[in-house]
Amino acid sequence: EYLSKIPFISVPHGSITDGGYALAMGSYVLATPDSRFRISNPSRGLSLDPIGLSFILPRLGWEYAQPSAKYPATGQLLALAGYEANGYDMVECGLATHFLDSAKSVGEIERALSQLPPYDQQVLKRSPVRQYGYTESASENNRRDINAEYRNVGVANLIHSASAFDAGGLDYASAATEALFFENEDPSLVLESERANYILHKQSMLVSVAATFDDVFQKESSIEDIVERMREIASLEATDEEEVEFVNLAKELLDGMEAQSPLALHAVYQLMSVGKNKKETLESCMERERGVLLKLFEREDYKNWASSGASEGEFKEWKHKSVHEVTPDEVKELFAK
């Protein structure tokens, strides 16, 4: 395994779909207001691209102990319903590490990075001058490398200062923004202990939706049961504004699932179910995803979609009319080695 000394910084400014996320993986993933991530393969008759999404999606929020970690439906909504995550969503579930208020910040970061010293010159403690023939003792040879721990800290601090907020902590606010917030407050009339707490608010619709429907995705043990449960919710008679919003959201998610290939939806659900197990690794999930994807390339759904010229989400002529028509043997065959 090769570990680069140079941090990889990606800026997914625009739309990323399926395996394109592999290009965004790095030490720092800087989302912007225009960032989007969606899994579109099931609407083409295919499953997850082999980049390890069946390992990543069930573990969203884990790395930074985020609220999204409490709701496994976060990853399932992305995988099964074709939900499109925006920049806020990506940061709030760990798909991105930082959020930039504007893509203009990228130019500022590039200029600042160009002024940082190279990796080998980032030192706190210089190596002592050695006499010719000098040999290090065992204690000297095994001492802690302070410089190795210090290197690239400047990069982290730079990205931290340029970001509006990150995946691991509170939102940031500049001194000017905070001053504007308090400009109408008379300090002679308000005690310091009574001042309003200024924190910018992060919003993630994806996490909110996952929290709302997490019970559905966790209690149902098959993709058929999930679809039926969502259909029941979508058919409810709403009596107030909040219920109307709940029912309409269920309809949107149901439409997203039913627009996809039933066989591909079964394959993705099974990949996610296996990938969430503790014994699984990124590599094992990638290998499984690859095998299933290659088999789906040879199935009718993908071939018919590819020859139809239809846009994603518009094609309806799947081999199976619903997830209920897909047999266990058909799914098992996709996973057979």
# chains A, B, ... in the order shown; residues from 1 in each chain; ligands from 1
call {"tool": "closest_atom_pairs", "arguments": {"of": "range 55-125 of chain A", "to": "range 211-218 of chain A", "cutoff": "8 Å", "atoms": "only C-alpha atoms", "output": "JSON lines"}}
result
{"residue": "A:Tyr71", "atom": "CA", "partner": "A:Ala211", "partner_atom": "CA", "distance": 5.9}
{"residue": "A:Pro72", "atom": "CA", "partner": "A:Asp214", "partner_atom": "CA", "distance": 6.9}
{"residue": "A:Ala73", "atom": "CA", "partner": "A:Asp214", "partner_atom": "CA", "distance": 5.1}
{"residue": "A:Thr74", "atom": "CA", "partner": "A:Ala211", "partner_atom": "CA", "distance": 7.9}
{"residue": "A:Gln76", "atom": "CA", "partner": "A:Phe217", "partner_atom": "CA", "distance": 7.6}
call {"tool": "write_last_selection", "arguments": {"atoms": "N, CA and C atoms", "output": "compact mmCIF listing (two decimals), in the first residue's frame"}}
result
# COMPACT_ATOMS: atom_id res chain seq x y z
N TYR A 71 -28.64 7.32 11.39
CA TYR A 71 -29.71 6.98 10.45
C TYR A 71 -29.14 6.25 9.24
N PRO A 72 -29.09 4.92 9.28
CA PRO A 72 -28.58 4.15 8.13
C PRO A 72 -29.34 4.42 6.84
N ALA A 73 -30.57 4.93 6.98
CA ALA A 73 -31.35 5.24 5.78
C ALA A 73 -30.68 6.31 4.93
N THR A 74 -29.74 7.05 5.48
CA THR A 74 -29.04 8.09 4.71
C THR A 74 -28.39 7.49 3.47
N GLN A 76 -29.03 4.45 2.25
CA GLN A 76 -30.01 3.69 1.47
C GLN A 76 -30.84 4.60 0.55
call {"tool": "residues_around", "arguments": {"residues": "range 221-225 of chain A", "least_positions_apart": "6", "cutoff": "12 Å", "atoms": "only C-alpha atoms", "output": "ChimeraX atom specification"}}
result
/A:76,79-81,215,231-232,254,257-258,262-273,322-328,331
call {"tool": "atom_distance", "arguments": {"atom1": "CA of Lys5 in chain A", "atom2": "CA of Gln115 in chain A"}}
result
17.7 Å
call {"tool": "residues_around", "arguments": {"residues": "Asn41 in chain A", "least_positions_apart": "3", "cutoff": "9 Å", "atoms": "only C-alpha atoms", "output": "ChimeraX atom specification"}}
result
/A:17-18,44-49,82,260,264,312
call {"tool": "closest_residue", "arguments": {"among": "A:Leu206, A:Leu296, A:Ala164, A:Leu113", "to": "Ile6 in chain A", "atoms": "only C-alpha atoms"}}
result
A:Leu113
